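Undergrad: Data file entry_17.tsv (TSV, C-alpha atoms and all ligand atoms) is appended below.
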```tsv
chain	number	residue	atom	x	y	z
A	1	MET	CA	1.86	72.33	-25.99
A	2	ALA	CA	3.18	69.39	-27.97
A	3	ASP	CA	1.35	66.13	-27.49
A	4	THR	CA	3.89	63.88	-25.82
A	5	LYS	CA	1.51	60.97	-25.36
A	6	THR	CA	1.91	59.22	-28.69
A	7	THR	CA	3.83	56.09	-29.56
A	8	LYS	CA	7.36	57.22	-30.44
A	9	PRO	CA	9.92	55.34	-32.53
A	10	SER	CA	12.29	53.16	-30.51
A	11	ARG	CA	15.87	54.38	-30.03
A	12	TYR	CA	16.97	50.81	-29.44
A	13	SER	CA	15.45	47.37	-29.49
A	14	VAL	CA	16.08	43.95	-28.01
A	15	PRO	CA	19.27	42.20	-29.24
A	16	GLY	CA	18.80	40.62	-32.66
A	17	LEU	CA	15.78	42.79	-33.60
A	18	SER	CA	16.08	45.91	-35.78
A	19	GLU	CA	14.85	49.25	-34.44
A	20	GLU	CA	12.36	49.34	-37.29
A	21	ALA	CA	10.88	45.94	-36.39
A	22	GLY	CA	10.88	46.93	-32.70
A	23	THR	CA	9.00	50.14	-33.48
A	24	LYS	CA	6.45	48.33	-35.66
A	25	ALA	CA	5.87	45.72	-32.95
A	26	ALA	CA	5.48	48.46	-30.34
A	27	VAL	CA	2.89	50.29	-32.48
A	28	LEU	CA	0.98	47.05	-32.95
A	29	LEU	CA	1.15	46.35	-29.20
A	30	GLN	CA	-0.09	49.86	-28.36
A	31	ASP	CA	-3.34	49.11	-30.16
A	32	ARG	CA	-3.64	45.83	-28.21
A	33	LEU	CA	-2.89	47.73	-24.97
A	34	ASN	CA	-5.74	50.14	-25.78
A	35	ALA	CA	-8.10	47.21	-26.44
A	36	LEU	CA	-7.17	45.38	-23.23
A	37	THR	CA	-7.44	48.49	-21.07
A	38	ASP	CA	-10.82	49.24	-22.62
A	39	LEU	CA	-11.88	45.62	-22.04
A	40	HIS	CA	-11.00	45.42	-18.34
A	41	LEU	CA	-12.73	48.76	-17.67
A	42	THR	CA	-15.79	47.57	-19.61
A	43	LEU	CA	-15.90	44.27	-17.70
A	44	LYS	CA	-15.82	46.20	-14.41
A	45	HIS	CA	-18.60	48.48	-15.68
A	46	VAL	CA	-20.73	45.40	-16.37
A	47	HIS	CA	-19.82	43.96	-12.92
A	48	TRP	CA	-21.29	47.15	-11.39
A	49	ASN	CA	-24.35	47.48	-13.65
A	50	VAL	CA	-25.68	43.96	-13.99
A	51	VAL	CA	-29.13	43.43	-12.42
A	52	GLY	CA	-31.79	40.74	-12.23
A	53	PRO	CA	-32.10	37.11	-11.16
A	54	HIS	CA	-28.63	36.09	-12.44
A	55	PHE	CA	-26.90	39.01	-10.73
A	56	VAL	CA	-24.58	37.05	-8.42
A	57	ALA	CA	-23.44	34.55	-11.06
A	58	VAL	CA	-22.47	37.20	-13.61
A	59	HIS	CA	-21.22	39.77	-11.07
A	60	GLU	CA	-18.85	37.18	-9.60
A	61	MET	CA	-17.85	35.61	-12.92
A	62	LEU	CA	-16.50	38.92	-14.17
A	63	ASP	CA	-13.99	39.90	-11.48
A	64	PRO	CA	-11.41	37.19	-12.30
A	65	GLN	CA	-11.71	38.27	-15.95
A	66	VAL	CA	-11.08	41.91	-14.97
A	67	ASP	CA	-7.95	40.88	-13.05
A	68	ALA	CA	-6.63	38.62	-15.84
A	69	VAL	CA	-7.22	41.20	-18.59
A	70	ARG	CA	-5.59	43.92	-16.47
A	71	GLU	CA	-2.56	41.65	-16.13
A	72	MET	CA	-2.53	41.14	-19.91
A	73	ALA	CA	-2.51	44.93	-20.40
A	74	ASP	CA	0.46	45.16	-18.02
A	75	ASP	CA	2.36	42.47	-19.94
A	76	VAL	CA	1.71	44.22	-23.27
A	77	ALA	CA	2.77	47.62	-21.88
A	78	GLU	CA	5.98	46.16	-20.47
A	79	ARG	CA	6.74	44.44	-23.79
A	80	ILE	CA	6.44	47.84	-25.50
A	81	ALA	CA	8.96	49.27	-23.03
A	82	THR	CA	11.24	46.23	-23.44
A	83	LEU	CA	11.25	46.84	-27.21
A	84	GLY	CA	12.45	50.40	-26.56
A	85	GLY	CA	9.04	52.02	-27.04
A	86	SER	CA	6.87	54.06	-24.70
A	87	ALA	CA	3.53	52.59	-23.58
A	88	VAL	CA	0.69	55.12	-23.53
A	89	GLY	CA	-1.77	54.38	-20.74
A	90	THR	CA	-3.80	57.55	-20.23
A	91	PRO	CA	-7.59	57.46	-20.74
A	92	GLY	CA	-7.67	60.48	-23.07
A	93	ALA	CA	-5.08	58.99	-25.42
A	94	LEU	CA	-6.98	55.70	-25.44
A	95	VAL	CA	-10.27	57.35	-26.40
A	96	LYS	CA	-8.50	59.37	-29.10
A	97	ALA	CA	-6.78	56.33	-30.59
A	98	ARG	CA	-9.46	53.66	-30.41
A	99	THR	CA	-11.37	52.68	-33.52
A	100	TRP	CA	-14.39	51.22	-31.71
A	101	ASP	CA	-17.30	52.79	-29.81
A	102	ASP	CA	-17.69	52.97	-26.06
A	103	TYR	CA	-19.68	50.09	-24.50
A	104	SER	CA	-23.31	51.04	-24.97
A	105	LEU	CA	-25.28	49.37	-22.14
A	106	GLY	CA	-25.81	50.86	-18.69
A	107	ARG	CA	-27.86	49.13	-16.00
A	108	ALA	CA	-29.33	46.03	-17.65
A	109	GLY	CA	-30.18	42.39	-17.06
A	110	ALA	CA	-27.45	39.74	-16.87
A	111	ILE	CA	-28.38	38.05	-20.12
A	112	GLU	CA	-28.46	41.39	-22.01
A	113	HIS	CA	-24.97	42.28	-20.79
A	114	LEU	CA	-23.72	38.80	-21.73
A	115	GLY	CA	-25.16	39.23	-25.23
A	116	ALA	CA	-23.35	42.56	-25.59
A	117	LEU	CA	-20.13	41.12	-24.12
A	118	ASP	CA	-20.22	38.39	-26.78
A	119	LEU	CA	-19.67	41.13	-29.36
A	120	VAL	CA	-17.08	42.92	-27.23
A	121	TYR	CA	-14.98	39.77	-26.84
A	122	SER	CA	-15.39	38.92	-30.56
A	123	GLY	CA	-13.91	42.29	-31.52
A	124	VAL	CA	-10.91	42.03	-29.18
A	125	ILE	CA	-10.17	38.42	-30.14
A	126	GLU	CA	-10.39	39.08	-33.90
A	127	ASP	CA	-7.96	41.97	-33.55
A	128	HIS	CA	-5.61	39.93	-31.35
A	129	ARG	CA	-5.56	37.24	-34.07
A	130	ALA	CA	-4.72	39.86	-36.69
A	131	GLY	CA	-1.99	41.07	-34.32
A	132	ILE	CA	-0.55	37.54	-34.09
A	133	GLU	CA	-0.30	37.43	-37.91
A	134	GLU	CA	1.44	40.79	-38.06
A	135	ALA	CA	3.75	40.00	-35.15
A	136	GLY	CA	4.76	36.77	-36.89
A	137	GLU	CA	6.53	38.95	-39.49
A	138	LEU	CA	8.24	41.07	-36.85
A	139	ASP	CA	8.99	39.47	-33.52
A	140	PRO	CA	8.32	35.90	-32.33
A	141	VAL	CA	8.25	36.94	-28.67
A	142	THR	CA	5.44	39.42	-29.33
A	143	GLU	CA	3.69	36.78	-31.42
A	144	ASP	CA	3.95	34.32	-28.51
A	145	LEU	CA	2.63	36.89	-26.00
A	146	LEU	CA	-0.46	37.62	-28.14
A	147	THR	CA	-0.99	33.91	-28.84
A	148	THR	CA	-1.01	33.04	-25.14
A	149	GLN	CA	-3.37	35.90	-24.37
A	150	SER	CA	-5.71	34.88	-27.20
A	151	GLY	CA	-6.15	31.42	-25.64
A	152	GLN	CA	-7.23	32.98	-22.35
A	153	LEU	CA	-9.48	35.58	-24.03
A	154	GLU	CA	-11.15	32.81	-26.05
A	155	LEU	CA	-11.77	30.85	-22.84
A	156	PHE	CA	-13.44	33.90	-21.22
A	157	HIS	CA	-15.46	34.39	-24.41
A	158	TRP	CA	-16.71	30.81	-24.07
A	159	PHE	CA	-17.75	31.50	-20.43
A	160	VAL	CA	-19.90	34.33	-21.82
A	161	ARG	CA	-21.21	32.39	-24.81
A	162	ALA	CA	-22.18	29.33	-22.76
A	163	HIS	CA	-25.01	31.50	-21.35
A	164	LEU	CA	-26.21	32.33	-24.87
A	165	GLU	CA	-26.13	28.86	-26.34
A	166	ASN	CA	-29.09	26.50	-26.63
A	167	ALA	CA	-28.94	22.69	-26.38
A	168	GLY	CA	-28.61	22.55	-30.18
A	169	GLY	CA	-25.37	24.56	-29.94
A	170	GLU	CA	-26.80	27.72	-31.51
A	171	LEU	CA	-25.94	31.17	-30.19
A	172	SER	CA	-28.87	33.53	-29.62
A	173	THR	CA	-26.63	36.45	-30.65
A	174	ALA	CA	-25.67	35.01	-34.06
A	175	GLY	CA	-25.70	37.72	-36.73
A	176	ALA	CA	-26.11	40.65	-34.29
A	177	SER	CA	-24.19	43.70	-35.47
A	178	SER	CA	-24.46	45.99	-32.46
A	179	GLU	CA	-24.30	45.52	-28.69
A	180	ARG	CA	-27.95	46.57	-28.32
A	181	GLU	CA	-29.02	44.11	-31.02
A	182	ALA	CA	-27.02	41.32	-29.34
A	183	ALA	CA	-28.48	42.21	-25.92
A	184	ASP	CA	-32.04	42.06	-27.30
A	185	ALA	CA	-31.36	38.77	-29.13
A	186	ALA	CA	-29.88	37.25	-25.97
A	187	GLU	CA	-32.89	38.28	-23.93
A	188	ALA	CA	-35.33	36.90	-26.54
A	189	GLY	CA	-33.31	33.64	-26.72
A	190	ALA	CA	-33.37	33.25	-22.92
A	191	GLY	CA	-37.16	33.75	-22.95
A	192	GLN	CA	-37.58	30.90	-25.44
A	193	SER	CA	-35.47	28.42	-23.47
A	194	ILE	CA	-37.43	28.78	-20.22
A	201	FE	FE	-16.83	44.43	-6.97
```
Turn the structure described in the file into structure tokens.
Ligand SMILES: [Fe+2]

TA:
Amino acid sequence: MADTKTTKPSRYSVPGLSEEAGTKAAVLLQDRLNALTDLHLTLKHVHWNVVGPHFVAVHEMLDPQVDAVREMADDVAERIATLGGSAVGTPGALVKARTWDDYSLGRAGAIEHLGALDLVYSGVIEDHRAGIEEAGELDPVTEDLLTTQSGQLELFHWFVRAHLENAGGELSTAGASSEREAADAAEAGAGQSI
């Protein structure tokens, strides 16, 4: 059976935008949709698996982020449709298309999850910024959508990082290249500041 769940070229676009530019913007947005869907599922996974003395603070901090990121995914998907494209939202297609690994921590302490989430947010925000650059060549409305979302993602990233920062303004996760490494560094950093 033919795979129908791939981003298809637009048959039309919004007035004033070529079909080619509309298709390119939709392809770019599909990757952002995958990242945002992955992110809100990951944040919920952390909400369920966080343990330890800071459980309530982190458990409750994450739900508004889940809701906001889910809303961002909806806005991106509807922009794809507005541009004449077809938004792909199935889990199998997401896993097939994504270029990053699944979140690697299961049940773990709050500070470990926050260390790992620092890396998760960094990845999404860097790619959103690259998306803003690319969208700037194609469609200002898409550029504006990604710019607005980046501001909110960066704010959530700060909420996470504030737990990992010492009074000197240094992040315990600096230089970590994997979620596990960041989780361990965050835990070691928290031990030092007590
Ligand atoms: Fe819940």

Undergrad: Which residues, protein or nucleic acid, reach to within 7 Å of (8.3, 44.3, -36.1) in the file's coordinates when using all atoms listed in the file, and can you give that as an MDAnalysis selection string?

TA: chainID A and resid 20:25 135 137:139

Undergrad: Grab the atom CA of A:Leu43 to atom CA of A:Ser150 distance for me, in Å with one decimal place.

TA: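 Computing the Euclidean distance for atom CA of A:Leu43 and atom CA of A:Ser150 yields 16.8 Å.
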
Undergrad: As an exercise, work out the distance from atom CA of A:Asn34 to atom CA of A:Ala97 in Å and give it to one decimal place.

TA: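 Atom CA of A:Asn34 sits 7.9 Å away from atom CA of A:Ala97.
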
Undergrad: For ligand FE 201 (chain A), collect every residue having any atom at a distance of at most 10 Å from a ligand atom (counting all atoms listed in the file); output as a PyMOL selection string.

TA: chain A and resi 44-45+47-48+59-60+62-63

Undergrad: Could you write those residues out with C-alpha atoms, as a CSV table (one decimal), in the frame of the given file?

TA:
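The new file again_32.csv reads:
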```csv
chain,number,residue,atom,x,y,z
A,44,LYS,CA,-15.8,46.2,-14.4
A,45,HIS,CA,-18.6,48.5,-15.7
A,47,HIS,CA,-19.8,44.0,-12.9
A,48,TRP,CA,-21.3,47.2,-11.4
A,59,HIS,CA,-21.2,39.8,-11.1
A,60,GLU,CA,-18.8,37.2,-9.6
A,62,LEU,CA,-16.5,38.9,-14.2
A,63,ASP,CA,-14.0,39.9,-11.5
```

Undergrad: What separation in Å, quoted to one decimal, exists between atom CA of A:Leu146 and atom CA of A:Asp102?

TA: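 Distance reported for this atom pair: 23.2 Å.
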
Undergrad: With distances taken over only C-alpha atoms, which of A:Leu17, A:Ala26, A:Val46, A:Leu33 is nearest to A:Gly115?

TA: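 Of all the options, A:Val46 lies closest to A:Gly115.
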
Undergrad: Can you report as lines of an AutoDock Vina configuration file the centre and edge lengths in Å, to one decimal, of an axis-aligned box around the listed atoms of stretch 74-81 of chain A padded with 8 Å on each side?

TA:
```
center_x = 4.7
center_y = 45.9
center_z = -21.8
size_x = 24.5
size_y = 22.8
size_z = 23.5
```
